[in-house]
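Student: Hey, dropping run-v4.csv in here, CSV, C-alpha atoms and all ligand atoms:
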```
chain,number,residue,atom,x,y,z
A,18,MET,CA,-37.7,-35.7,-19.7
A,19,PHE,CA,-38.5,-34.3,-23.1
A,20,ASN,CA,-39.0,-36.0,-26.4
A,21,GLN,CA,-40.4,-34.8,-29.6
A,22,LYS,CA,-43.9,-36.1,-28.8
A,23,ILE,CA,-44.0,-34.1,-25.5
A,24,VAL,CA,-42.7,-31.0,-27.2
A,25,ASP,CA,-45.3,-31.3,-29.9
A,26,SER,CA,-48.0,-31.5,-27.3
A,27,PHE,CA,-46.9,-28.0,-26.1
A,28,GLU,CA,-47.8,-26.5,-29.4
A,29,ASN,CA,-51.0,-24.7,-28.4
A,30,LYS,CA,-50.1,-24.1,-24.8
A,31,GLU,CA,-49.7,-20.7,-23.5
A,32,THR,CA,-46.2,-20.1,-22.0
A,33,PRO,CA,-44.6,-19.9,-19.6
A,34,PHE,CA,-45.7,-23.0,-17.6
A,35,TYR,CA,-44.4,-25.6,-15.2
A,36,TYR,CA,-44.4,-29.0,-16.9
A,37,TYR,CA,-44.7,-31.9,-14.4
A,38,ASP,CA,-43.7,-35.5,-15.2
A,39,LEU,CA,-46.0,-37.2,-12.8
A,40,SER,CA,-44.6,-40.7,-13.5
A,41,LEU,CA,-41.1,-39.5,-12.6
A,42,LEU,CA,-42.6,-38.0,-9.4
A,43,LYS,CA,-44.2,-41.4,-8.6
A,44,SER,CA,-41.0,-43.4,-9.2
A,45,THR,CA,-39.1,-41.0,-7.0
A,46,LEU,CA,-41.5,-41.3,-4.2
A,47,THR,CA,-41.5,-45.1,-4.5
A,48,ALA,CA,-37.7,-45.2,-4.5
A,49,CYS,CA,-37.7,-43.1,-1.3
A,50,ALA,CA,-40.4,-45.0,0.4
A,51,GLU,CA,-38.7,-48.4,-0.3
A,52,ALA,CA,-35.3,-47.2,1.0
A,53,ALA,CA,-36.9,-45.6,4.1
A,54,ASN,CA,-39.1,-48.6,4.9
A,55,ARG,CA,-36.0,-50.8,5.1
A,56,TYR,CA,-35.2,-49.1,8.3
A,57,ASN,CA,-38.7,-48.2,9.5
A,58,TYR,CA,-37.9,-44.5,8.9
A,59,HIS,CA,-40.8,-42.0,8.7
A,60,VAL,CA,-40.6,-39.4,5.9
A,61,HIS,CA,-42.4,-36.1,6.0
A,62,PHE,CA,-42.5,-34.0,2.8
A,63,ALA,CA,-41.4,-30.3,3.3
A,64,LEU,CA,-44.4,-28.5,1.7
A,65,LYS,CA,-42.4,-25.4,1.2
A,66,ALA,CA,-40.6,-27.0,-1.7
A,67,ASN,CA,-43.8,-27.5,-3.7
A,68,PHE,CA,-47.4,-27.3,-2.7
A,69,ASN,CA,-49.0,-28.0,-6.1
A,70,ASP,CA,-52.2,-29.9,-5.5
A,71,LYS,CA,-51.3,-32.8,-7.8
A,72,VAL,CA,-47.9,-33.1,-6.3
A,73,LEU,CA,-49.3,-33.1,-2.8
A,74,ALA,CA,-51.9,-35.7,-3.7
A,75,ALA,CA,-49.2,-38.1,-5.0
A,76,ILE,CA,-47.1,-37.5,-1.8
A,77,LYS,CA,-50.1,-38.2,0.5
A,78,ALA,CA,-51.0,-41.3,-1.5
A,79,GLN,CA,-47.4,-42.6,-0.9
A,80,GLY,CA,-48.1,-42.3,2.8
A,81,PHE,CA,-45.6,-39.6,3.7
A,82,GLY,CA,-46.3,-37.0,6.3
A,83,ALA,CA,-46.2,-33.2,6.0
A,84,ASP,CA,-43.5,-30.9,7.3
A,85,CYS,CA,-44.9,-27.3,7.5
A,86,VAL,CA,-43.2,-24.0,8.2
A,87,SER,CA,-46.3,-21.7,8.4
A,88,GLY,CA,-49.9,-21.8,9.5
A,89,GLY,CA,-50.8,-21.6,5.8
A,90,GLU,CA,-48.9,-24.8,5.1
A,91,VAL,CA,-50.5,-26.5,8.1
A,92,LYS,CA,-53.9,-25.6,6.7
A,93,LYS,CA,-52.9,-26.8,3.2
A,94,ALA,CA,-51.7,-30.1,4.7
A,95,VAL,CA,-54.9,-30.6,6.6
A,96,GLU,CA,-57.0,-29.7,3.5
A,97,THR,CA,-55.0,-32.1,1.4
A,98,GLY,CA,-56.0,-34.9,3.8
A,99,PHE,CA,-52.8,-35.5,5.8
A,100,THR,CA,-54.0,-36.6,9.2
A,101,PRO,CA,-53.1,-34.4,12.1
A,102,GLN,CA,-50.8,-37.2,13.3
A,103,GLN,CA,-48.7,-36.7,10.1
A,104,VAL,CA,-48.2,-33.0,10.4
A,105,VAL,CA,-45.2,-31.3,12.0
A,106,PHE,CA,-44.8,-27.5,12.3
A,107,ALA,CA,-41.3,-25.8,12.3
A,108,GLY,CA,-40.3,-22.2,11.8
A,109,VAL,CA,-38.4,-19.6,13.7
A,110,GLY,CA,-41.3,-17.1,13.8
A,111,LYS,CA,-44.6,-18.8,14.5
A,112,SER,CA,-47.3,-16.3,15.2
A,113,ASP,CA,-49.8,-16.7,18.0
A,114,ARG,CA,-52.5,-17.1,15.4
A,115,GLU,CA,-50.6,-19.9,13.6
A,116,ILE,CA,-49.8,-21.7,16.9
A,117,ASN,CA,-53.5,-21.5,17.9
A,118,TYR,CA,-54.6,-22.9,14.6
A,119,ALA,CA,-52.1,-25.8,14.8
A,120,LEU,CA,-53.2,-26.5,18.4
A,121,ASP,CA,-56.8,-26.6,17.2
A,122,GLN,CA,-55.8,-29.2,14.6
A,123,ASN,CA,-54.0,-31.3,17.2
A,124,ILE,CA,-50.9,-31.7,15.0
A,125,PHE,CA,-48.2,-34.3,15.8
A,126,ALA,CA,-45.5,-31.9,16.8
A,127,PHE,CA,-44.3,-28.3,17.0
A,128,ASN,CA,-40.6,-28.1,16.2
A,129,VAL,CA,-39.7,-25.3,18.6
A,130,GLU,CA,-36.9,-22.9,17.8
A,131,SER,CA,-36.5,-20.7,20.9
A,132,ILE,CA,-37.1,-20.7,24.7
A,133,GLN,CA,-39.5,-17.9,24.3
A,134,GLU,CA,-41.5,-19.9,21.8
A,135,LEU,CA,-41.8,-22.7,24.3
A,136,GLU,CA,-43.2,-20.3,26.8
A,137,VAL,CA,-45.7,-18.9,24.3
A,138,ILE,CA,-46.9,-22.4,23.1
A,139,ASN,CA,-47.3,-23.4,26.7
A,140,GLU,CA,-49.5,-20.4,27.5
A,141,LEU,CA,-51.6,-20.8,24.4
A,142,ALA,CA,-52.1,-24.5,25.0
A,143,ALA,CA,-53.0,-23.8,28.6
A,144,ALA,CA,-55.7,-21.3,27.5
A,145,LYS,CA,-57.2,-24.1,25.4
A,146,GLY,CA,-56.8,-26.8,28.1
A,147,LYS,CA,-54.5,-28.7,25.8
A,148,THR,CA,-51.1,-30.3,25.9
A,149,ALA,CA,-48.8,-29.4,23.0
A,150,LYS,CA,-46.3,-32.0,21.8
A,151,VAL,CA,-43.0,-30.3,21.2
A,152,ALA,CA,-39.7,-31.3,19.7
A,153,VAL,CA,-36.7,-29.0,20.3
A,154,ARG,CA,-34.9,-27.8,17.2
A,155,ILE,CA,-31.3,-27.8,18.0
A,156,ASN,CA,-28.7,-25.9,16.0
A,157,PRO,CA,-25.9,-28.5,15.9
A,158,ASN,CA,-23.3,-26.2,14.4
A,159,VAL,CA,-22.7,-28.6,11.6
A,160,ASP,CA,-21.5,-27.0,8.3
A,161,ALA,CA,-23.6,-28.3,5.4
A,162,HIS,CA,-21.0,-27.2,2.9
A,163,THR,CA,-23.7,-25.7,0.7
A,164,HIS,CA,-24.5,-22.2,-0.5
A,165,HIS,CA,-24.5,-19.8,2.5
A,166,TYR,CA,-28.0,-18.8,1.8
A,167,ILE,CA,-29.2,-22.3,2.3
A,168,THR,CA,-27.1,-23.2,5.3
A,169,THR,CA,-29.1,-23.4,8.4
A,170,GLY,CA,-27.2,-25.3,11.0
A,171,LEU,CA,-24.3,-23.0,12.0
A,172,ASP,CA,-24.1,-20.9,15.2
A,173,GLU,CA,-24.5,-17.7,13.2
A,174,ASN,CA,-27.8,-18.9,11.6
A,175,LYS,CA,-31.1,-17.8,13.0
A,176,PHE,CA,-32.5,-21.3,13.1
A,177,GLY,CA,-32.8,-23.6,16.1
A,178,ILE,CA,-31.7,-23.4,19.7
A,179,ASN,CA,-28.0,-23.1,20.4
A,180,SER,CA,-26.3,-25.7,22.6
A,181,TRP,CA,-25.5,-23.2,25.4
A,182,ASP,CA,-29.3,-22.5,25.8
A,183,LEU,CA,-30.2,-26.2,26.3
A,184,PRO,CA,-30.0,-26.3,30.1
A,185,ALA,CA,-32.6,-23.5,30.2
A,186,VAL,CA,-34.8,-25.4,27.7
A,187,VAL,CA,-34.8,-28.5,29.9
A,188,GLU,CA,-35.8,-26.3,32.9
A,189,MET,CA,-38.6,-24.7,30.9
A,190,LEU,CA,-39.9,-28.1,29.6
A,191,LYS,CA,-39.9,-29.5,33.2
A,192,LYS,CA,-42.0,-26.6,34.6
A,193,SER,CA,-44.4,-26.2,31.6
A,194,LYS,CA,-47.5,-28.2,32.4
A,195,ASN,CA,-49.0,-27.9,28.9
A,196,LEU,CA,-46.0,-29.1,27.0
A,197,SER,CA,-45.1,-32.7,26.3
A,198,PHE,CA,-41.5,-33.3,25.2
A,199,LEU,CA,-41.4,-35.5,22.1
A,200,GLY,CA,-37.8,-35.3,20.9
A,201,ILE,CA,-35.2,-33.4,19.1
A,202,HIS,CA,-35.1,-31.9,15.7
A,203,PHE,CA,-32.3,-30.8,13.3
A,204,HIS,CA,-32.1,-29.4,9.8
A,205,VAL,CA,-28.7,-28.3,8.7
A,206,GLY,CA,-29.2,-27.0,5.2
A,207,SER,CA,-30.3,-27.9,1.7
A,208,GLN,CA,-28.9,-29.3,-1.5
A,209,ILE,CA,-26.4,-31.4,0.4
A,210,LEU,CA,-24.5,-33.9,-1.7
A,211,ASP,CA,-21.6,-34.7,0.6
A,212,MET,CA,-22.8,-37.6,2.7
A,213,ASN,CA,-20.1,-36.7,5.4
A,214,VAL,CA,-22.4,-33.8,6.4
A,215,PHE,CA,-25.1,-36.3,7.4
A,216,LYS,CA,-22.5,-38.5,9.2
A,217,SER,CA,-21.4,-35.4,11.3
A,218,LEU,CA,-25.1,-34.7,11.9
A,219,CYS,CA,-25.6,-38.3,13.2
A,220,VAL,CA,-22.7,-37.8,15.7
A,221,LYS,CA,-24.3,-34.6,17.0
A,222,VAL,CA,-27.7,-36.2,17.3
A,223,ASN,CA,-26.2,-39.1,19.3
A,224,GLU,CA,-24.5,-36.7,21.6
A,225,MET,CA,-27.7,-34.6,22.1
A,226,GLN,CA,-30.1,-37.5,22.7
A,227,ALA,CA,-27.7,-38.8,25.4
A,228,TRP,CA,-27.6,-35.4,26.9
A,229,PHE,CA,-31.4,-35.1,27.2
A,230,GLU,CA,-31.9,-38.7,28.4
A,231,GLU,CA,-29.2,-38.1,31.2
A,232,ARG,CA,-31.4,-35.3,32.4
A,233,GLY,CA,-34.5,-37.5,32.6
A,234,MET,CA,-36.0,-36.4,29.3
A,235,PRO,CA,-36.8,-39.5,27.2
A,236,VAL,CA,-36.3,-38.7,23.5
A,237,LYS,CA,-39.0,-40.5,21.5
A,238,VAL,CA,-38.5,-38.8,18.2
A,239,LEU,CA,-35.2,-38.2,16.4
A,240,ASN,CA,-36.0,-35.8,13.6
A,241,VAL,CA,-33.0,-35.3,11.4
A,242,GLY,CA,-34.6,-32.9,8.9
A,243,GLY,CA,-34.0,-32.9,5.2
A,244,GLY,CA,-31.4,-31.4,2.9
A,245,LEU,CA,-30.6,-34.2,0.5
A,246,GLY,CA,-29.5,-32.7,-2.8
A,247,VAL,CA,-30.2,-33.5,-6.5
A,248,ASP,CA,-28.1,-33.4,-9.7
A,249,TYR,CA,-28.9,-30.0,-11.3
A,250,GLN,CA,-26.1,-30.5,-13.9
A,251,GLN,CA,-27.3,-33.9,-15.2
A,252,PRO,CA,-31.0,-34.2,-14.7
A,253,ASP,CA,-31.5,-36.9,-17.4
A,254,GLU,CA,-28.6,-39.1,-16.1
A,255,ASN,CA,-29.6,-38.8,-12.4
A,256,PRO,CA,-33.4,-38.2,-12.3
A,257,ILE,CA,-33.8,-40.0,-8.9
A,258,PRO,CA,-31.5,-39.2,-5.9
A,259,ASP,CA,-29.6,-42.0,-4.2
A,260,PHE,CA,-32.0,-42.6,-1.3
A,261,GLU,CA,-30.5,-46.0,-0.5
A,262,ALA,CA,-27.1,-44.4,0.2
A,263,TYR,CA,-28.7,-41.5,2.1
A,264,PHE,CA,-30.7,-43.6,4.5
A,265,LYS,CA,-27.9,-46.1,4.9
A,266,ILE,CA,-25.7,-43.3,6.4
A,267,PHE,CA,-28.2,-42.9,9.2
A,268,ALA,CA,-28.6,-46.6,9.6
A,269,ASP,CA,-24.9,-46.9,10.0
A,270,PHE,CA,-24.2,-43.9,12.3
A,271,LEU,CA,-27.3,-43.0,14.2
A,272,THR,CA,-27.9,-44.6,17.6
A,273,VAL,CA,-31.6,-45.6,17.7
A,274,LYS,CA,-33.1,-47.2,20.8
A,275,PRO,CA,-36.2,-49.4,20.7
A,276,HIS,CA,-38.5,-46.7,22.0
A,277,GLN,CA,-37.4,-44.3,19.3
A,278,GLU,CA,-38.7,-43.3,15.9
A,279,VAL,CA,-36.5,-41.6,13.3
A,280,HIS,CA,-38.1,-38.9,11.2
A,281,PHE,CA,-36.9,-37.2,8.0
A,282,GLU,CA,-38.2,-34.1,6.3
A,283,LEU,CA,-37.3,-34.2,2.6
A,284,GLY,CA,-38.3,-31.5,0.2
A,285,ARG,CA,-36.0,-30.9,-2.8
A,286,ALA,CA,-35.0,-34.5,-3.2
A,287,LEU,CA,-38.6,-35.7,-3.8
A,288,VAL,CA,-39.8,-33.0,-6.2
A,289,ALA,CA,-37.0,-31.1,-7.9
A,290,GLN,CA,-36.5,-33.3,-11.0
A,291,CYS,CA,-40.1,-33.9,-11.8
A,292,SER,CA,-40.7,-30.4,-13.2
A,293,SER,CA,-39.3,-28.0,-15.7
A,294,LEU,CA,-40.2,-24.4,-16.4
A,295,VAL,CA,-41.1,-24.2,-20.1
A,296,SER,CA,-40.8,-20.8,-21.7
A,297,LYS,CA,-40.8,-19.2,-25.1
A,298,VAL,CA,-38.1,-17.1,-26.7
A,299,LEU,CA,-39.5,-13.6,-27.3
A,300,TYR,CA,-36.4,-12.0,-28.8
A,301,ILE,CA,-32.9,-12.6,-29.7
A,302,LYS,CA,-30.6,-9.7,-29.3
A,303,ASN,CA,-27.2,-10.0,-30.9
A,304,GLY,CA,-24.7,-7.7,-29.4
A,305,ILE,CA,-21.0,-7.2,-30.0
A,306,LYS,CA,-20.0,-8.9,-26.7
A,307,LYS,CA,-23.1,-10.9,-25.9
A,308,ASN,CA,-26.1,-12.6,-27.5
A,309,PHE,CA,-29.2,-12.4,-25.4
A,310,ALA,CA,-32.1,-14.8,-25.6
A,311,VAL,CA,-35.0,-13.0,-23.9
A,312,LEU,CA,-37.6,-15.4,-22.5
A,313,ASP,CA,-41.3,-14.9,-21.6
A,314,ALA,CA,-40.4,-16.4,-18.1
A,315,GLY,CA,-38.4,-14.5,-15.6
A,316,MET,CA,-37.4,-14.4,-11.9
A,317,THR,CA,-41.1,-14.0,-11.2
A,318,GLU,CA,-41.6,-17.6,-12.3
A,319,LEU,CA,-38.3,-19.1,-11.1
A,320,MET,CA,-36.4,-17.0,-8.6
A,321,ARG,CA,-33.6,-19.4,-7.6
A,322,PRO,CA,-31.0,-18.1,-10.0
A,323,ALA,CA,-31.6,-14.5,-8.9
A,324,LEU,CA,-32.0,-15.3,-5.3
A,325,TYR,CA,-29.0,-17.6,-4.7
A,326,GLN,CA,-27.2,-17.9,-8.0
A,327,ALA,CA,-28.6,-21.3,-8.5
A,328,TYR,CA,-27.9,-23.3,-11.6
A,329,HIS,CA,-30.6,-24.7,-13.8
A,330,LYS,CA,-29.8,-26.6,-16.9
A,331,ILE,CA,-31.2,-24.7,-19.9
A,332,GLU,CA,-32.3,-26.5,-23.0
A,333,ASN,CA,-33.7,-25.4,-26.3
A,334,ILE,CA,-36.4,-28.2,-26.6
A,335,SER,CA,-37.5,-26.9,-30.0
A,336,LYS,CA,-34.1,-28.2,-31.3
A,337,LEU,CA,-34.1,-31.6,-29.7
A,338,LYS,CA,-31.6,-33.9,-31.4
A,339,VAL,CA,-32.7,-37.3,-32.4
A,340,GLY,CA,-30.9,-38.6,-29.4
A,341,SER,CA,-32.5,-41.6,-27.8
A,342,GLN,CA,-35.4,-41.7,-30.3
A,343,LYS,CA,-35.3,-44.4,-33.0
A,344,LEU,CA,-34.4,-42.9,-36.3
A,345,GLU,CA,-37.2,-44.6,-38.1
A,346,ASP,CA,-39.7,-43.0,-35.7
A,347,ALA,CA,-38.3,-39.6,-36.3
A,348,ASP,CA,-39.9,-37.4,-38.9
A,349,SER,CA,-36.8,-35.7,-40.3
A,350,SER,CA,-38.8,-32.7,-41.5
A,351,THR,CA,-39.7,-31.7,-37.9
A,352,LEU,CA,-36.3,-32.4,-36.4
A,353,ASN,CA,-33.5,-30.0,-36.7
A,354,PHE,CA,-29.9,-31.2,-36.6
A,355,GLN,CA,-27.7,-28.5,-35.1
A,356,PRO,CA,-24.1,-29.4,-35.2
A,357,SER,CA,-22.8,-26.1,-33.8
A,358,THR,CA,-23.8,-24.1,-30.8
A,359,ILE,CA,-23.9,-20.4,-29.9
A,360,LEU,CA,-23.4,-18.8,-26.5
A,361,TYR,CA,-26.4,-16.9,-25.1
A,362,ASP,CA,-27.1,-15.0,-21.9
A,363,VAL,CA,-30.6,-16.4,-21.2
A,364,VAL,CA,-32.7,-13.6,-19.5
A,365,GLY,CA,-36.2,-12.9,-18.4
A,366,PRO,CA,-38.4,-9.9,-19.1
A,367,ILE,CA,-38.4,-8.4,-15.6
A,368,CYS,CA,-36.9,-5.0,-14.9
A,369,GLU,CA,-34.0,-6.2,-12.8
A,370,SER,CA,-30.5,-7.1,-14.0
A,371,SER,CA,-30.5,-10.1,-11.7
A,372,ASP,CA,-33.4,-11.5,-13.9
A,373,CYS,CA,-30.9,-13.8,-15.7
A,374,PHE,CA,-31.2,-17.6,-15.9
A,375,GLY,CA,-27.7,-18.3,-17.2
A,376,LYS,CA,-24.7,-16.6,-18.8
A,377,ASP,CA,-22.9,-18.0,-21.8
A,378,VAL,CA,-25.3,-20.9,-22.2
A,379,ALA,CA,-24.4,-23.0,-25.2
A,380,MET,CA,-27.5,-23.7,-27.4
A,381,PRO,CA,-28.1,-24.5,-31.0
A,382,GLU,CA,-28.9,-21.4,-33.0
A,383,THR,CA,-32.0,-20.1,-31.2
A,384,LYS,CA,-34.9,-18.1,-32.7
A,385,ARG,CA,-37.9,-16.2,-31.6
A,386,GLY,CA,-40.7,-18.7,-30.7
A,387,ASP,CA,-38.3,-21.6,-29.7
A,388,LEU,CA,-39.3,-23.4,-26.5
A,389,ILE,CA,-36.7,-23.3,-23.7
A,390,ALA,CA,-36.8,-25.6,-20.7
A,391,LEU,CA,-35.3,-24.7,-17.4
A,392,ARG,CA,-34.7,-28.1,-15.8
A,393,THR,CA,-34.9,-29.4,-12.3
A,394,ALA,CA,-37.4,-26.7,-11.3
A,395,GLY,CA,-39.8,-28.7,-9.2
A,396,ALA,CA,-38.4,-27.6,-5.8
A,397,TYR,CA,-38.5,-24.0,-4.7
A,398,GLY,CA,-39.7,-23.0,-8.1
A,399,GLU,CA,-43.4,-22.3,-8.5
A,400,VAL,CA,-43.8,-21.9,-4.8
A,401,MET,CA,-41.6,-18.7,-5.0
A,402,ALA,CA,-43.5,-17.3,-8.0
A,403,SER,CA,-44.4,-13.6,-7.4
A,404,ALA,CA,-46.7,-11.0,-9.0
A,405,TYR,CA,-43.8,-8.5,-9.3
A,406,ASN,CA,-44.4,-6.4,-12.4
A,407,LEU,CA,-48.0,-7.5,-12.2
A,408,ARG,CA,-47.1,-10.9,-13.7
A,409,PRO,CA,-50.0,-13.3,-14.2
A,410,ASP,CA,-50.5,-16.5,-12.1
A,411,ILE,CA,-48.2,-19.4,-13.1
A,412,ARG,CA,-49.7,-22.1,-15.3
A,413,HIS,CA,-49.1,-25.9,-15.2
A,414,VAL,CA,-49.1,-28.7,-17.7
A,415,PHE,CA,-49.1,-32.3,-16.3
A,416,SER,CA,-47.7,-35.3,-18.2
A,417,GLU,CA,-51.0,-37.1,-18.0
A,418,ASP,CA,-53.1,-34.2,-19.4
B,1,LIG,C1,-36.8,-26.5,4.1
B,1,LIG,C2,-36.9,-27.5,5.2
B,1,LIG,C3,-36.8,-28.8,5.0
B,1,LIG,C4,-36.6,-29.4,3.6
B,1,LIG,O1,-35.3,-29.1,3.1
B,1,LIG,P1,-34.9,-29.8,1.7
B,1,LIG,O2,-33.5,-29.3,1.5
B,1,LIG,O3,-35.8,-29.3,0.6
B,1,LIG,O4,-34.9,-31.3,1.8
B,1,LIG,C5,-36.8,-29.7,6.0
B,1,LIG,N1,-37.0,-29.3,7.3
B,1,LIG,C6,-37.1,-27.9,7.6
B,1,LIG,C7,-37.3,-27.5,9.0
B,1,LIG,C8,-37.1,-27.0,6.6
B,1,LIG,O5,-37.2,-25.7,6.9
```
How does the structure come out when it is put into structure tokens?
Tutor:
Amino acid sequence: MFNQKIVDSFENKETPFYYYDLSLLKSTLTACAEAANRYNYHVHFALKANFNDKVLAAIKAQGFGADCVSGGEVKKAVETGFTPQQVVFAGVGKSDREINYALDQNIFAFNVESIQELEVINELAAAKGKTAKVAVRINPNVDAHTHHYITTGLDENKFGINSWDLPAVVEMLKKSKNLSFLGIHFHVGSQILDMNVFKSLCVKVNEMQAWFEERGMPVKVLNVGGGLGVDYQQPDENPIPDFEAYFKIFADFLTVKPHQEVHFELGRALVAQCSSLVSKVLYIKNGIKKNFAVLDAGMTELMRPALYQAYHKIENISKLKVGSQKLEDADSSTLNFQPSTILYDVVGPICESSDCFGKDVAMPETKRGDLIALRTAGAYGEVMASAYNLRPDIRHVFSED
């Protein structure tokens, strides 16, 4: 992602900022669209992963829909120009205000997560003289084999409707005059790299759609959620996820009838690799046991390490090796050759011990003023930025600027 030219262009930029490689974003979106189109699959982008305006514009231009988990995201999707037909709304705690707003926008579907929510949407739709299209989010009790904080499809998780409640759901749907049943929805977790998880999901979806259809409830939409993971360890080697292999699992194992559409809700896989958090070293503290590199970015700019022990590759981009650059292009006076590395705990300035990006990170000898990149930060990065410690708003730099 970084070469000397890009790093040089950062010279007068105030840090920290999120750097976006828009051409990588576009190639990722194209790769996903081509793989999905092979099977006529519909892709919705999960806005919660990244709602930066330029990112959303690229995603909309690609023709993807919008998967929202709050009224604010529904509003953002509408303002970005996604058509109501492209917008779905999930979430375990939709407020009346959010439901009313989404009803006013005539969105494509509510992904409903409880029996009580069905009741409330029916009432609110009735008050407006409308029919709400609903998909039932089912908790399939499939283990995503991912970090427990980002597992969502087990019986003990708060998401979705558990199988033992489904007979009551059918009863409710049949008697609710202002609900129209669209289909079934699943989302089992995030950062999933083991394709067997999606295979198990397909088996569950097949079981569930048969169950609904046996009860006289035609399932028009099979929404299998998102969750495809990315390579946090080797972002330069694997900048684009293997969408071909991902969609092929569903093509091989999901039963799809002619009257059905298959929907996906990808977040991380589409945006994680296209952005890095770029930060400056404020201080180096050399201790007896530890060397600390204190950055001007912290958990307020990138919370994933503090929140779920997430790994981000950390690079001192002021000490880029010649690497892939041609030697004759390299101005040796500006390039440093650093044969040996030192271990640093890379930390932020926030008054919390969990404000640590990485322990014992091997870097060339690092100095005050060096630029540090936290890679693969495009998903669940700037969207989680907070004002804790009265930190300023996060800045951005785009590759085309
Ligand atoms: C977060 C979320 C997604 C996207 O998950 P990724 O792991 O980023 O692909 C999809 N659907 C729902 C309902 C979600 O909450």
Student: Which residues form the shell of 10 Å around ligand LIG 1 (chain B) when you count all atoms listed in the file, given as a ChimeraX atom specification?
Tutor: /A:61-67,84-86,105-109,128,130,154,167-169,176-177,202-209,240-247,281-289,396-397
Student: Set the distance at 6 Å and use all atoms listed in the file: which residues neighbour segment 363-376 of chain A once local chain neighbours fewer than 6 positions away are removed? I'd like the list as a list in words.
Tutor: Phe309, Ala310, Val311, Leu312, Ala314, Gly315, Met316, Pro322 and Ala323 of chain A
Student: Work out how far apart atom CA of Gly398 of chain A and atom CA of Gly80 of chain A are and give it in Å to one decimal.
Tutor: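 Between atom CA of Gly398 of chain A and atom CA of Gly80 of chain A the gap is 23.7 Å.
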Student: Using only C-alpha atoms for the distances, tell me which of A:Glu261, A:Asp269, A:Asp253, A:Asp121 is nearest to Cys219 of chain A.
Tutor: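 Counting only C-alpha atoms, the residue closest to Cys219 of chain A is A:Asp269.
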Student: Take atom CA of Glu399 of chain A and atom CA of Tyr35 of chain A and report the distance between them in Å, one decimal.
Tutor: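 Computed distance, atom CA of Glu399 of chain A to atom CA of Tyr35 of chain A, equals 7.5 Å.
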Student: Could you check which of A:Ala152, A:Ala83, A:Ile124, A:Val187 is closest to Val60 of chain A, using all atoms listed in the file?
Tutor: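 The answer is A:Ala83, which sits nearest to Val60 of chain A.
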Student: Work out how far apart atom CA of Asn54 of chain A and atom CA of Thr97 of chain A are and give it in Å to one decimal.
Tutor: 23.2 Å
Student: Please provide as a ChimeraX atom specification all residues within 7 Å of Leu239 of chain A, with the sequence filter that same-chain residues fewer than 5 positions apart are discarded (counting only C-alpha atoms).
Tutor: /A:200-202,278-280
Student: Anything within 12 Å of (-55.6, -32.6, 6.8): list those residues as a PyMOL selection string, counting only C-alpha atoms and sticking to the file's coordinates.
Tutor: chain A and resi 73-74+77+82-83+85+90-105+119+122-125
Student: What's around Leu190 of chain A at 10 Å? Count all atoms listed in the file, leave out sequence neighbours fewer than 3 positions away in its own chain, and write the answer as a VMD selection string.
Tutor: chain A and resid 132 135 to 136 139 151 153 185 to 187 193 to 198 234
Student: Keeping only C-alpha atoms, write the selected residues as a PDB file, in the coordinates of the input.
Tutor:
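Result saved to selection.pdb:
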```
ATOM      1  CA  ILE A 132     -37.100 -20.700  24.700  1.00  0.00           C
ATOM      2  CA  LEU A 135     -41.800 -22.700  24.300  1.00  0.00           C
ATOM      3  CA  GLU A 136     -43.200 -20.300  26.800  1.00  0.00           C
ATOM      4  CA  ASN A 139     -47.300 -23.400  26.700  1.00  0.00           C
ATOM      5  CA  VAL A 151     -43.000 -30.300  21.200  1.00  0.00           C
ATOM      6  CA  VAL A 153     -36.700 -29.000  20.300  1.00  0.00           C
ATOM      7  CA  ALA A 185     -32.600 -23.500  30.200  1.00  0.00           C
ATOM      8  CA  VAL A 186     -34.800 -25.400  27.700  1.00  0.00           C
ATOM      9  CA  VAL A 187     -34.800 -28.500  29.900  1.00  0.00           C
ATOM     10  CA  SER A 193     -44.400 -26.200  31.600  1.00  0.00           C
ATOM     11  CA  LYS A 194     -47.500 -28.200  32.400  1.00  0.00           C
ATOM     12  CA  ASN A 195     -49.000 -27.900  28.900  1.00  0.00           C
ATOM     13  CA  LEU A 196     -46.000 -29.100  27.000  1.00  0.00           C
ATOM     14  CA  SER A 197     -45.100 -32.700  26.300  1.00  0.00           C
ATOM     15  CA  PHE A 198     -41.500 -33.300  25.200  1.00  0.00           C
ATOM     16  CA  MET A 234     -36.000 -36.400  29.300  1.00  0.00           C
TER      17      MET A 234
END
```
Student: Taking all atoms listed in the file into account, which of A:Ile301, A:Met401, A:Ala390, A:Ala227 comes nearest Leu324 of chain A?
Tutor: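 Closest to Leu324 of chain A of all the choices is A:Met401.
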Student: Please list as a list in words every residue within 7 Å of Ile389 of chain A, counting all atoms listed in the file and excluding residues in the same chain fewer than 3 positions away.
Tutor: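 Residues near the query, excluding close chain neighbours: Val295, Ser296, Lys297, Ile331, Glu332, Asn333 and Ile334 of chain A.
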Student: Pull C-alpha atoms from the residues just selected and write them as a compact mmCIF listing (two decimals), in the coordinates of the input.
Tutor:
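Contents of part19.txt, as written:
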```txt
# COMPACT_ATOMS: atom_id res chain seq x y z
CA VAL A 295 -41.10 -24.20 -20.10
CA SER A 296 -40.80 -20.80 -21.70
CA LYS A 297 -40.80 -19.20 -25.10
CA ILE A 331 -31.20 -24.70 -19.90
CA GLU A 332 -32.30 -26.50 -23.00
CA ASN A 333 -33.70 -25.40 -26.30
CA ILE A 334 -36.40 -28.20 -26.60
```
Student: How would you write as a PyMOL selection string the residues that get within 12 Å of (-40.4, -23.8, -31.2) in the file's frame, counting only C-alpha atoms?
Tutor: chain A and resi 21+24-30+32+295-299+332-337+351-353+382-390
